[in-house]
Amino acid sequence: MKSIYLIGFMGAGKTTIGKELAACVNKAVIDTDEEIVKREKKSINDIFSEKGEEYFRFLETKTLQELNDRDAVITTGGGIVVKHENREALKHKGNVFFLYATPEEIFKRLESDQSRPLLKGDKMKLIRELYEERMPLYKDAANVIIDTTNKEANDIIKEIISRLE
Ligand SMILES: Nc1ncnc2c1ncn2[C@@H]1O[C@H](COP(=O)(O)OP(=O)(O)OP(=O)(O)O)[C@@H](O)[C@H]1O
Ligand SMILES: O=C(O)C1=C[C@@H](O)[C@@H](O)[C@H](O)C1
Ligand SMILES: [Mg+2]
């Protein structure tokens with residue numbers, strides 16, 4: 001079976017669902033954000049504030065490329081689709097699942113979260129702006145869209161498994 005990629009907006013559940021999904025399909029799970037934090041020995045907030053978003057995006061692309069040959073569930077950061085080269089790489093993989101949730105649902109899930117540097121300030125406004133900008137990019141890179149709004153992890157995982165190539 002091909003590797004499984006989960007993409008989608010912050011709070012869509014990529015990291016959470018990916019861990020459970022990996023156990024169900026008996027694959028390792030690798031989260032690009034967690035890999036970057038491990039390598040840099042810094043939180044994502046600190047990487048953004050000390051080295052800037054551009055540096056983070058450079059590390060993100062590098063991590064995605066290095067994971068190319070791994071047979072795993074690969075859970076990505078919410079902004080992986082911002083770079084054209086990442087979208088192009090994802091498009092040809094198959095098993096690229098766009099986990100979708102409404103902006104209202106995303107807000108509910110991340111209301112008290114402080115770990116996402118791009119959501120500091122008026123959270124609902126920031127979610128709406130980024131969401132509108134990125135929706136077409138997720139759709140472009142994915143080959144399956146899964147709506148996670150009001151769904152439990154178990155049902156989302158079953159849906160992913162039923163659509164695997
Ligand atoms: N289906 C769901 N229903 C309700 N809450 C959920 C669901 N999926 C994830 N969550 C909750 O939403 C929050 C964010 O989830 P998670 O960290 O997995 O998102 P993510 O897609 O990995 O975000 P990011 O792009 O920032 O890494 C967590 O508190 C998680 O428990
Ligand atoms: O959507 C984004 O741009 C981000 C999502 C998170 O997964 C992290 O990669 C970081 O907070 C940036
Ligand atoms: Mg995550």
# chains A, B, ... in the order shown; residues from 1 in each chain; ligands from 1
$ closest_atom_pairs --of "chain A" --to "ligand 1" --cutoff "7 Å" --atoms "only C-alpha atoms and all ligand atoms" --output "tab-separated table"
residue	atom	partner	partner_atom_place_in_ligand_line	distance
A:Gly8	CA	ligand 1	21 (O)	6.3
A:Phe9	CA	ligand 1	25 (O)	5.5
A:Met10	CA	ligand 1	25 (O)	3.4
A:Gly11	CA	ligand 1	19 (O)	3.5
A:Ala12	CA	ligand 1	21 (O)	3.9
A:Gly13	CA	ligand 1	18 (O)	3.3
A:Lys14	CA	ligand 1	21 (O)	3.8
A:Thr15	CA	ligand 1	22 (O)	3.8
A:Thr16	CA	ligand 1	18 (O)	3.7
A:Ile17	CA	ligand 1	18 (O)	6.3
A:Asp33	CA	ligand 1	27 (O)	6.8
A:Thr76	CA	ligand 1	27 (O)	6.8
A:Gly77	CA	ligand 1	25 (O)	4.4
A:Gly78	CA	ligand 1	25 (O)	3.6
A:Arg109	CA	ligand 1	12 (O)	4.6
A:Leu110	CA	ligand 1	13 (C)	6.0
A:Arg116	CA	ligand 1	26 (O)	6.3
A:Thr148	CA	ligand 1	1 (N)	5.3
A:Thr149	CA	ligand 1	1 (N)	6.4
A:Asn150	CA	ligand 1	3 (N)	6.2
A:Lys151	CA	ligand 1	1 (N)	5.1
A:Glu152	CA	ligand 1	1 (N)	4.9
A:Ala153	CA	ligand 1	1 (N)	5.2
$ write_last_selection --atoms "C-alpha atoms" --output "CSV table (one decimal), in the first residue's frame"
chain,number,residue,atom,x,y,z
A,8,GLY,CA,-5.8,20.3,5.7
A,9,PHE,CA,-6.3,23.4,7.7
A,10,MET,CA,-5.0,23.8,11.3
A,11,GLY,CA,-7.3,22.0,13.6
A,12,ALA,CA,-8.7,19.6,10.9
A,13,GLY,CA,-7.3,16.8,13.0
A,14,LYS,CA,-4.4,15.6,10.9
A,15,THR,CA,-2.1,14.9,13.8
A,16,THR,CA,-4.8,13.4,16.0
A,17,ILE,CA,-6.4,11.2,13.3
A,33,ASP,CA,5.6,19.6,12.4
A,76,THR,CA,1.5,17.5,7.5
A,77,GLY,CA,1.4,21.0,8.8
A,78,GLY,CA,-1.6,23.1,7.8
A,109,ARG,CA,-11.4,23.2,18.2
A,110,LEU,CA,-8.6,25.8,18.5
A,116,ARG,CA,-0.2,28.1,16.3
A,148,THR,CA,-14.6,15.8,9.6
A,149,THR,CA,-17.2,18.4,10.9
A,150,ASN,CA,-19.2,16.8,13.7
A,151,LYS,CA,-17.6,13.4,13.1
A,152,GLU,CA,-15.8,11.2,15.6
A,153,ALA,CA,-12.3,10.0,15.0
$ residues_around --residues "Cys24 (chain A)" --least-positions-apart "5" --cutoff "10 Å" --atoms "only C-alpha atoms" --output "NGL selection string"
:A and (18-19 or 157-158 or 161)
$ atom_distance --atom1 "CA of Lys27 (chain A)" --atom2 "CA of His84 (chain A)"
27.8 Å
$ residues_around --residues "Val81 (chain A)" --least-positions-apart "6" --cutoff "12 Å" --atoms "only C-alpha atoms" --output "VMD selection string"
chain A and resid 6 to 10 57 60 to 61 64 87 to 91 96 98 130 to 131 133 to 142
$ closest_residue --among "A:Met1, A:Val25, A:Leu67, A:Ile74" --to "ligand 3" --atoms "only C-alpha atoms and all ligand atoms"
A:Ile74
$ closest_residue --among "A:Ser49, A:Asn143, A:Asn154, A:Ser3" --to "Phe97 (chain A)" --atoms "only C-alpha atoms"
A:Asn143
$ residues_around --residues "Asp122 (chain A)" --least-positions-apart "5" --cutoff "12 Å" --atoms "only C-alpha atoms" --output "ChimeraX atom specification"
/A:107,111,127-129
$ closest_residue --among "A:Asn68, A:Ile80, A:Ser162, A:Met124" --to "His92 (chain A)" --atoms "only C-alpha atoms"
A:Asn68
$ atom_distance --atom1 "atom 3 (O, counted along the ligand's line) of ligand 2" --atom2 "CA of Leu119 (chain A)"
9.0 Å
$ select_by_dssp --residues "region 4-163 of chain A" --states "alpha helix (DSSP H)" --output "PDB file with N, CA and C atoms, in the first residue's frame"
ATOM      1  N   LYS A  14      -5.400  16.411  11.570  1.00  0.00           N
ATOM      2  CA  LYS A  14      -4.399  15.584  10.874  1.00  0.00           C
ATOM      3  C   LYS A  14      -3.528  14.804  11.861  1.00  0.00           C
ATOM      4  N   THR A  15      -2.974  15.533  12.852  1.00  0.00           N
ATOM      5  CA  THR A  15      -2.070  14.880  13.805  1.00  0.00           C
ATOM      6  C   THR A  15      -2.826  13.859  14.660  1.00  0.00           C
ATOM      7  N   THR A  16      -3.982  14.259  15.148  1.00  0.00           N
ATOM      8  CA  THR A  16      -4.791  13.397  16.025  1.00  0.00           C
ATOM      9  C   THR A  16      -5.254  12.142  15.283  1.00  0.00           C
ATOM     10  N   ILE A  17      -5.856  12.334  14.117  1.00  0.00           N
ATOM     11  CA  ILE A  17      -6.393  11.211  13.347  1.00  0.00           C
ATOM     12  C   ILE A  17      -5.254  10.330  12.821  1.00  0.00           C
ATOM     13  N   GLY A  18      -4.156  10.980  12.409  1.00  0.00           N
ATOM     14  CA  GLY A  18      -3.032  10.249  11.831  1.00  0.00           C
ATOM     15  C   GLY A  18      -2.476   9.195  12.775  1.00  0.00           C
ATOM     16  N   LYS A  19      -2.377   9.533  14.048  1.00  0.00           N
ATOM     17  CA  LYS A  19      -1.817   8.584  15.023  1.00  0.00           C
ATOM     18  C   LYS A  19      -2.715   7.347  15.129  1.00  0.00           C
ATOM     19  N   GLU A  20      -4.007   7.557  15.211  1.00  0.00           N
ATOM     20  CA  GLU A  20      -4.935   6.405  15.333  1.00  0.00           C
ATOM     21  C   GLU A  20      -5.011   5.616  14.033  1.00  0.00           C
ATOM     22  N   LEU A  21      -5.013   6.350  12.927  1.00  0.00           N
ATOM     23  CA  LEU A  21      -5.067   5.694  11.613  1.00  0.00           C
ATOM     24  C   LEU A  21      -3.853   4.783  11.420  1.00  0.00           C
ATOM     25  N   ALA A  22      -2.686   5.291  11.804  1.00  0.00           N
ATOM     26  CA  ALA A  22      -1.450   4.523  11.620  1.00  0.00           C
ATOM     27  C   ALA A  22      -1.520   3.199  12.386  1.00  0.00           C
ATOM     28  N   ALA A  23      -2.071   3.258  13.595  1.00  0.00           N
ATOM     29  CA  ALA A  23      -2.194   2.024  14.383  1.00  0.00           C
ATOM     30  C   ALA A  23      -3.140   1.053  13.668  1.00  0.00           C
ATOM     31  N   CYS A  24      -4.198   1.568  13.067  1.00  0.00           N
ATOM     32  CA  CYS A  24      -5.177   0.694  12.387  1.00  0.00           C
ATOM     33  C   CYS A  24      -4.585   0.043  11.137  1.00  0.00           C
ATOM     34  N   VAL A  25      -3.748   0.764  10.388  1.00  0.00           N
ATOM     35  CA  VAL A  25      -3.216   0.194   9.145  1.00  0.00           C
ATOM     36  C   VAL A  25      -1.799  -0.366   9.332  1.00  0.00           C
ATOM     37  N   THR A  32       5.069  16.152  10.099  1.00  0.00           N
ATOM     38  CA  THR A  32       6.132  17.064   9.643  1.00  0.00           C
ATOM     39  C   THR A  32       6.428  18.133  10.703  1.00  0.00           C
ATOM     40  N   ASP A  33       5.377  18.646  11.379  1.00  0.00           N
ATOM     41  CA  ASP A  33       5.621  19.648  12.440  1.00  0.00           C
ATOM     42  C   ASP A  33       6.480  19.055  13.556  1.00  0.00           C
ATOM     43  N   GLU A  34       6.132  17.829  13.965  1.00  0.00           N
ATOM     44  CA  GLU A  34       6.883  17.207  15.070  1.00  0.00           C
ATOM     45  C   GLU A  34       8.325  16.940  14.668  1.00  0.00           C
ATOM     46  N   GLU A  35       8.535  16.547  13.398  1.00  0.00           N
ATOM     47  CA  GLU A  35       9.910  16.322  12.900  1.00  0.00           C
ATOM     48  C   GLU A  35      10.720  17.614  12.981  1.00  0.00           C
ATOM     49  N   ILE A  36      10.101  18.712  12.576  1.00  0.00           N
ATOM     50  CA  ILE A  36      10.796  20.011  12.559  1.00  0.00           C
ATOM     51  C   ILE A  36      11.139  20.432  13.993  1.00  0.00           C
ATOM     52  N   VAL A  37      10.194  20.258  14.899  1.00  0.00           N
ATOM     53  CA  VAL A  37      10.428  20.623  16.310  1.00  0.00           C
ATOM     54  C   VAL A  37      11.578  19.801  16.880  1.00  0.00           C
ATOM     55  N   LYS A  38      11.596  18.512  16.536  1.00  0.00           N
ATOM     56  CA  LYS A  38      12.659  17.623  17.027  1.00  0.00           C
ATOM     57  C   LYS A  38      14.024  18.062  16.502  1.00  0.00           C
ATOM     58  N   ARG A  39      14.066  18.345  15.197  1.00  0.00           N
ATOM     59  CA  ARG A  39      15.352  18.696  14.580  1.00  0.00           C
ATOM     60  C   ARG A  39      15.883  20.033  15.062  1.00  0.00           C
ATOM     61  N   GLU A  40      14.977  20.980  15.198  1.00  0.00           N
ATOM     62  CA  GLU A  40      15.403  22.342  15.587  1.00  0.00           C
ATOM     63  C   GLU A  40      15.524  22.493  17.103  1.00  0.00           C
ATOM     64  N   ILE A  44       7.310  25.413  17.537  1.00  0.00           N
ATOM     65  CA  ILE A  44       6.965  26.093  16.280  1.00  0.00           C
ATOM     66  C   ILE A  44       6.827  27.598  16.522  1.00  0.00           C
ATOM     67  N   ASN A  45       6.253  27.965  17.651  1.00  0.00           N
ATOM     68  CA  ASN A  45       6.162  29.397  17.989  1.00  0.00           C
ATOM     69  C   ASN A  45       7.552  30.034  17.983  1.00  0.00           C
ATOM     70  N   ASP A  46       8.527  29.360  18.608  1.00  0.00           N
ATOM     71  CA  ASP A  46       9.883  29.930  18.689  1.00  0.00           C
ATOM     72  C   ASP A  46      10.558  29.960  17.320  1.00  0.00           C
ATOM     73  N   ILE A  47      10.347  28.932  16.514  1.00  0.00           N
ATOM     74  CA  ILE A  47      10.957  28.946  15.168  1.00  0.00           C
ATOM     75  C   ILE A  47      10.410  30.147  14.387  1.00  0.00           C
ATOM     76  N   PHE A  48       9.086  30.344  14.438  1.00  0.00           N
ATOM     77  CA  PHE A  48       8.485  31.473  13.713  1.00  0.00           C
ATOM     78  C   PHE A  48       9.019  32.810  14.243  1.00  0.00           C
ATOM     79  N   SER A  49       9.087  32.941  15.574  1.00  0.00           N
ATOM     80  CA  SER A  49       9.461  34.268  16.086  1.00  0.00           C
ATOM     81  C   SER A  49      10.963  34.526  15.977  1.00  0.00           C
ATOM     82  N   GLU A  50      11.769  33.469  16.078  1.00  0.00           N
ATOM     83  CA  GLU A  50      13.220  33.699  16.034  1.00  0.00           C
ATOM     84  C   GLU A  50      13.790  33.650  14.618  1.00  0.00           C
ATOM     85  N   LYS A  51      13.200  32.782  13.759  1.00  0.00           N
ATOM     86  CA  LYS A  51      13.814  32.614  12.432  1.00  0.00           C
ATOM     87  C   LYS A  51      12.874  32.965  11.280  1.00  0.00           C
ATOM     88  N   GLU A  53       8.797  32.843   9.267  1.00  0.00           N
ATOM     89  CA  GLU A  53       7.968  31.829   8.592  1.00  0.00           C
ATOM     90  C   GLU A  53       8.694  31.217   7.392  1.00  0.00           C
ATOM     91  N   GLU A  54       9.464  32.054   6.685  1.00  0.00           N
ATOM     92  CA  GLU A  54      10.117  31.550   5.472  1.00  0.00           C
ATOM     93  C   GLU A  54      11.073  30.390   5.799  1.00  0.00           C
ATOM     94  N   TYR A  55      11.792  30.545   6.888  1.00  0.00           N
ATOM     95  CA  TYR A  55      12.709  29.489   7.322  1.00  0.00           C
ATOM     96  C   TYR A  55      11.923  28.222   7.680  1.00  0.00           C
ATOM     97  N   PHE A  56      10.792  28.420   8.381  1.00  0.00           N
ATOM     98  CA  PHE A  56       9.956  27.264   8.722  1.00  0.00           C
ATOM     99  C   PHE A  56       9.488  26.549   7.442  1.00  0.00           C
ATOM    100  N   ARG A  57       9.062  27.337   6.441  1.00  0.00           N
ATOM    101  CA  ARG A  57       8.573  26.732   5.178  1.00  0.00           C
ATOM    102  C   ARG A  57       9.691  25.974   4.458  1.00  0.00           C
ATOM    103  N   PHE A  58      10.908  26.479   4.566  1.00  0.00           N
ATOM    104  CA  PHE A  58      12.064  25.802   3.973  1.00  0.00           C
ATOM    105  C   PHE A  58      12.252  24.427   4.638  1.00  0.00           C
ATOM    106  N   LEU A  59      12.173  24.421   5.970  1.00  0.00           N
ATOM    107  CA  LEU A  59      12.330  23.151   6.709  1.00  0.00           C
ATOM    108  C   LEU A  59      11.183  22.191   6.383  1.00  0.00           C
ATOM    109  N   GLU A  60      10.007  22.750   6.208  1.00  0.00           N
ATOM    110  CA  GLU A  60       8.813  21.926   5.947  1.00  0.00           C
ATOM    111  C   GLU A  60       8.943  21.209   4.601  1.00  0.00           C
ATOM    112  N   THR A  61       9.395  21.945   3.599  1.00  0.00           N
ATOM    113  CA  THR A  61       9.570  21.346   2.263  1.00  0.00           C
ATOM    114  C   THR A  61      10.657  20.282   2.299  1.00  0.00           C
ATOM    115  N   LYS A  62      11.736  20.594   2.985  1.00  0.00           N
ATOM    116  CA  LYS A  62      12.855  19.649   3.105  1.00  0.00           C
ATOM    117  C   LYS A  62      12.364  18.360   3.789  1.00  0.00           C
ATOM    118  N   THR A  63      11.593  18.525   4.849  1.00  0.00           N
ATOM    119  CA  THR A  63      11.086  17.357   5.587  1.00  0.00           C
ATOM    120  C   THR A  63      10.179  16.523   4.683  1.00  0.00           C
ATOM    121  N   LEU A  64       9.297  17.188   3.972  1.00  0.00           N
ATOM    122  CA  LEU A  64       8.387  16.469   3.063  1.00  0.00           C
ATOM    123  C   LEU A  64       9.188  15.683   2.026  1.00  0.00           C
ATOM    124  N   GLN A  65      10.203  16.301   1.481  1.00  0.00           N
ATOM    125  CA  GLN A  65      11.023  15.619   0.458  1.00  0.00           C
ATOM    126  C   GLN A  65      11.760  14.429   1.043  1.00  0.00           C
ATOM    127  N   GLU A  66      12.278  14.588   2.238  1.00  0.00           N
ATOM    128  CA  GLU A  66      13.028  13.493   2.864  1.00  0.00           C
ATOM    129  C   GLU A  66      12.133  12.300   3.215  1.00  0.00           C
ATOM    130  N   HIS A  84       3.971  25.920  -4.022  1.00  0.00           N
ATOM    131  CA  HIS A  84       3.589  25.225  -5.253  1.00  0.00           C
ATOM    132  C   HIS A  84       4.327  23.888  -5.381  1.00  0.00           C
ATOM    133  N   GLU A  85       5.607  23.896  -5.043  1.00  0.00           N
ATOM    134  CA  GLU A  85       6.383  22.653  -5.227  1.00  0.00           C
ATOM    135  C   GLU A  85       5.881  21.530  -4.303  1.00  0.00           C
ATOM    136  N   ASN A  86       5.381  21.892  -3.121  1.00  0.00           N
ATOM    137  CA  ASN A  86       4.817  20.862  -2.229  1.00  0.00           C
ATOM    138  C   ASN A  86       3.520  20.307  -2.812  1.00  0.00           C
ATOM    139  N   ARG A  87       2.683  21.214  -3.358  1.00  0.00           N
ATOM    140  CA  ARG A  87       1.410  20.752  -3.946  1.00  0.00           C
ATOM    141  C   ARG A  87       1.690  19.810  -5.104  1.00  0.00           C
ATOM    142  N   GLU A  88       2.660  20.174  -5.926  1.00  0.00           N
ATOM    143  CA  GLU A  88       2.990  19.327  -7.087  1.00  0.00           C
ATOM    144  C   GLU A  88       3.475  17.955  -6.627  1.00  0.00           C
ATOM    145  N   ALA A  89       4.298  17.939  -5.573  1.00  0.00           N
ATOM    146  CA  ALA A  89       4.829  16.662  -5.072  1.00  0.00           C
ATOM    147  C   ALA A  89       3.682  15.816  -4.517  1.00  0.00           C
ATOM    148  N   LEU A  90       2.753  16.431  -3.802  1.00  0.00           N
ATOM    149  CA  LEU A  90       1.661  15.677  -3.177  1.00  0.00           C
ATOM    150  C   LEU A  90       0.701  15.103  -4.219  1.00  0.00           C
ATOM    151  N   LYS A  91       0.403  15.912  -5.217  1.00  0.00           N
ATOM    152  CA  LYS A  91      -0.587  15.556  -6.234  1.00  0.00           C
ATOM    153  C   LYS A  91      -0.363  14.197  -6.873  1.00  0.00           C
ATOM    154  N   PRO A 103     -14.951  26.590   9.068  1.00  0.00           N
ATOM    155  CA  PRO A 103     -14.168  27.534   9.876  1.00  0.00           C
ATOM    156  C   PRO A 103     -14.713  27.642  11.306  1.00  0.00           C
ATOM    157  N   GLU A 104     -16.023  27.533  11.462  1.00  0.00           N
ATOM    158  CA  GLU A 104     -16.624  27.604  12.811  1.00  0.00           C
ATOM    159  C   GLU A 104     -16.157  26.431  13.670  1.00  0.00           C
ATOM    160  N   GLU A 105     -16.097  25.256  13.046  1.00  0.00           N
ATOM    161  CA  GLU A 105     -15.645  24.055  13.761  1.00  0.00           C
ATOM    162  C   GLU A 105     -14.151  24.177  14.115  1.00  0.00           C
ATOM    163  N   ILE A 106     -13.372  24.682  13.169  1.00  0.00           N
ATOM    164  CA  ILE A 106     -11.936  24.898  13.414  1.00  0.00           C
ATOM    165  C   ILE A 106     -11.762  25.837  14.610  1.00  0.00           C
ATOM    166  N   PHE A 107     -12.549  26.922  14.612  1.00  0.00           N
ATOM    167  CA  PHE A 107     -12.457  27.893  15.707  1.00  0.00           C
ATOM    168  C   PHE A 107     -12.758  27.215  17.040  1.00  0.00           C
ATOM    169  N   LYS A 108     -13.819  26.432  17.071  1.00  0.00           N
ATOM    170  CA  LYS A 108     -14.189  25.732  18.324  1.00  0.00           C
ATOM    171  C   LYS A 108     -13.037  24.859  18.815  1.00  0.00           C
ATOM    172  N   ARG A 109     -12.425  24.141  17.868  1.00  0.00           N
ATOM    173  CA  ARG A 109     -11.352  23.208  18.244  1.00  0.00           C
ATOM    174  C   ARG A 109     -10.097  23.947  18.730  1.00  0.00           C
ATOM    175  N   LEU A 110      -9.852  25.140  18.187  1.00  0.00           N
ATOM    176  CA  LEU A 110      -8.584  25.831  18.494  1.00  0.00           C
ATOM    177  C   LEU A 110      -8.756  27.077  19.353  1.00  0.00           C
ATOM    178  N   LYS A 123      -8.745  35.486  16.354  1.00  0.00           N
ATOM    179  CA  LYS A 123      -8.628  34.123  15.822  1.00  0.00           C
ATOM    180  C   LYS A 123      -9.658  33.817  14.734  1.00  0.00           C
ATOM    181  N   MET A 124     -10.903  34.206  14.958  1.00  0.00           N
ATOM    182  CA  MET A 124     -11.944  33.875  13.960  1.00  0.00           C
ATOM    183  C   MET A 124     -11.642  34.579  12.641  1.00  0.00           C
ATOM    184  N   LYS A 125     -11.217  35.833  12.733  1.00  0.00           N
ATOM    185  CA  LYS A 125     -10.906  36.616  11.518  1.00  0.00           C
ATOM    186  C   LYS A 125      -9.715  35.983  10.786  1.00  0.00           C
ATOM    187  N   LEU A 126      -8.685  35.621  11.539  1.00  0.00           N
ATOM    188  CA  LEU A 126      -7.488  35.028  10.930  1.00  0.00           C
ATOM    189  C   LEU A 126      -7.826  33.679  10.286  1.00  0.00           C
ATOM    190  N   ILE A 127      -8.661  32.896  10.972  1.00  0.00           N
ATOM    191  CA  ILE A 127      -9.057  31.593  10.405  1.00  0.00           C
ATOM    192  C   ILE A 127      -9.792  31.828   9.084  1.00  0.00           C
ATOM    193  N   ARG A 128     -10.763  32.744   9.095  1.00  0.00           N
ATOM    194  CA  ARG A 128     -11.551  32.985   7.870  1.00  0.00           C
ATOM    195  C   ARG A 128     -10.678  33.409   6.702  1.00  0.00           C
ATOM    196  N   GLU A 129      -9.727  34.321   6.965  1.00  0.00           N
ATOM    197  CA  GLU A 129      -8.868  34.839   5.880  1.00  0.00           C
ATOM    198  C   GLU A 129      -7.978  33.741   5.298  1.00  0.00           C
ATOM    199  N   LEU A 130      -7.299  33.021   6.195  1.00  0.00           N
ATOM    200  CA  LEU A 130      -6.381  31.974   5.722  1.00  0.00           C
ATOM    201  C   LEU A 130      -7.156  30.842   5.049  1.00  0.00           C
ATOM    202  N   TYR A 131      -8.317  30.557   5.608  1.00  0.00           N
ATOM    203  CA  TYR A 131      -9.165  29.467   5.135  1.00  0.00           C
ATOM    204  C   TYR A 131      -9.575  29.710   3.676  1.00  0.00           C
ATOM    205  N   GLU A 132     -10.011  30.936   3.428  1.00  0.00           N
ATOM    206  CA  GLU A 132     -10.461  31.281   2.072  1.00  0.00           C
ATOM    207  C   GLU A 132      -9.316  31.169   1.068  1.00  0.00           C
ATOM    208  N   GLU A 133      -8.151  31.643   1.509  1.00  0.00           N
ATOM    209  CA  GLU A 133      -6.965  31.612   0.659  1.00  0.00           C
ATOM    210  C   GLU A 133      -6.530  30.168   0.353  1.00  0.00           C
ATOM    211  N   ARG A 134      -6.657  29.305   1.355  1.00  0.00           N
ATOM    212  CA  ARG A 134      -6.068  27.967   1.216  1.00  0.00           C
ATOM    213  C   ARG A 134      -6.990  26.871   0.706  1.00  0.00           C
ATOM    214  N   MET A 135      -8.308  27.077   0.820  1.00  0.00           N
ATOM    215  CA  MET A 135      -9.209  25.982   0.403  1.00  0.00           C
ATOM    216  C   MET A 135      -8.888  25.444  -0.989  1.00  0.00           C
ATOM    217  N   PRO A 136      -8.716  26.350  -1.996  1.00  0.00           N
ATOM    218  CA  PRO A 136      -8.431  25.817  -3.337  1.00  0.00           C
ATOM    219  C   PRO A 136      -7.110  25.050  -3.391  1.00  0.00           C
ATOM    220  N   LEU A 137      -6.174  25.417  -2.514  1.00  0.00           N
ATOM    221  CA  LEU A 137      -4.850  24.765  -2.546  1.00  0.00           C
ATOM    222  C   LEU A 137      -4.937  23.334  -2.017  1.00  0.00           C
ATOM    223  N   TYR A 138      -5.719  23.138  -0.941  1.00  0.00           N
ATOM    224  CA  TYR A 138      -5.889  21.767  -0.416  1.00  0.00           C
ATOM    225  C   TYR A 138      -6.578  20.894  -1.472  1.00  0.00           C
ATOM    226  N   LYS A 139      -7.613  21.498  -2.105  1.00  0.00           N
ATOM    227  CA  LYS A 139      -8.365  20.710  -3.106  1.00  0.00           C
ATOM    228  C   LYS A 139      -7.462  20.333  -4.275  1.00  0.00           C
ATOM    229  N   ASP A 140      -6.556  21.237  -4.613  1.00  0.00           N
ATOM    230  CA  ASP A 140      -5.641  21.002  -5.727  1.00  0.00           C
ATOM    231  C   ASP A 140      -4.680  19.844  -5.420  1.00  0.00           C
ATOM    232  N   ALA A 141      -4.217  19.786  -4.176  1.00  0.00           N
ATOM    233  CA  ALA A 141      -3.171  18.805  -3.835  1.00  0.00           C
ATOM    234  C   ALA A 141      -3.715  17.429  -3.467  1.00  0.00           C
ATOM    235  N   ALA A 153     -13.468  10.500  15.559  1.00  0.00           N
ATOM    236  CA  ALA A 153     -12.250   9.964  14.953  1.00  0.00           C
ATOM    237  C   ALA A 153     -12.492   8.602  14.283  1.00  0.00           C
ATOM    238  N   ASN A 154     -13.219   7.726  14.969  1.00  0.00           N
ATOM    239  CA  ASN A 154     -13.448   6.373  14.433  1.00  0.00           C
ATOM    240  C   ASN A 154     -14.095   6.386  13.061  1.00  0.00           C
ATOM    241  N   ASP A 155     -15.083   7.253  12.899  1.00  0.00           N
ATOM    242  CA  ASP A 155     -15.793   7.323  11.614  1.00  0.00           C
ATOM    243  C   ASP A 155     -14.901   7.922  10.527  1.00  0.00           C
ATOM    244  N   ILE A 156     -14.097   8.899  10.923  1.00  0.00           N
ATOM    245  CA  ILE A 156     -13.182   9.521   9.945  1.00  0.00           C
ATOM    246  C   ILE A 156     -12.165   8.473   9.464  1.00  0.00           C
ATOM    247  N   ILE A 157     -11.659   7.694  10.411  1.00  0.00           N
ATOM    248  CA  ILE A 157     -10.654   6.675  10.072  1.00  0.00           C
ATOM    249  C   ILE A 157     -11.257   5.600   9.159  1.00  0.00           C
ATOM    250  N   LYS A 158     -12.478   5.191   9.488  1.00  0.00           N
ATOM    251  CA  LYS A 158     -13.140   4.178   8.636  1.00  0.00           C
ATOM    252  C   LYS A 158     -13.292   4.702   7.213  1.00  0.00           C
ATOM    253  N   GLU A 159     -13.674   5.978   7.108  1.00  0.00           N
ATOM    254  CA  GLU A 159     -13.861   6.581   5.782  1.00  0.00           C
ATOM    255  C   GLU A 159     -12.536   6.625   5.017  1.00  0.00           C
ATOM    256  N   ILE A 160     -11.467   6.985   5.713  1.00  0.00           N
ATOM    257  CA  ILE A 160     -10.151   7.032   5.042  1.00  0.00           C
ATOM    258  C   ILE A 160      -9.783   5.624   4.555  1.00  0.00           C
ATOM    259  N   ILE A 161      -9.936   4.649   5.433  1.00  0.00           N
ATOM    260  CA  ILE A 161      -9.531   3.277   5.074  1.00  0.00           C
ATOM    261  C   ILE A 161     -10.350   2.779   3.869  1.00  0.00           C
ATOM    262  N   SER A 162     -11.607   3.146   3.824  1.00  0.00           N
ATOM    263  CA  SER A 162     -12.458   2.675   2.714  1.00  0.00           C
ATOM    264  C   SER A 162     -12.055   3.311   1.377  1.00  0.00           C
TER     265      SER A 162
END
$ residues_around --residues "Glu165 (chain A)" --least-positions-apart "6" --cutoff "8 Å" --atoms "only C-alpha atoms" --output "JSON, numbers by chain"
{"A": [1, 2, 94, 95]}
$ write_last_selection --atoms "C-alpha atoms" --output "PDB file, in the first residue's frame"
ATOM      1  CA  MET A   1       0.000   0.000   0.000  1.00  0.00           C
ATOM      2  CA  LYS A   2       1.181   3.539  -0.748  1.00  0.00           C
ATOM      3  CA  GLY A  94      -2.216   9.022  -4.430  1.00  0.00           C
ATOM      4  CA  ASN A  95      -3.663   8.495  -0.926  1.00  0.00           C
TER       5      ASN A  95
END
$ closest_residue --among "A:Asp147, A:Asp71, A:Asp31, A:Asp113" --to "ligand 3" --atoms "only C-alpha atoms and all ligand atoms"
A:Asp31
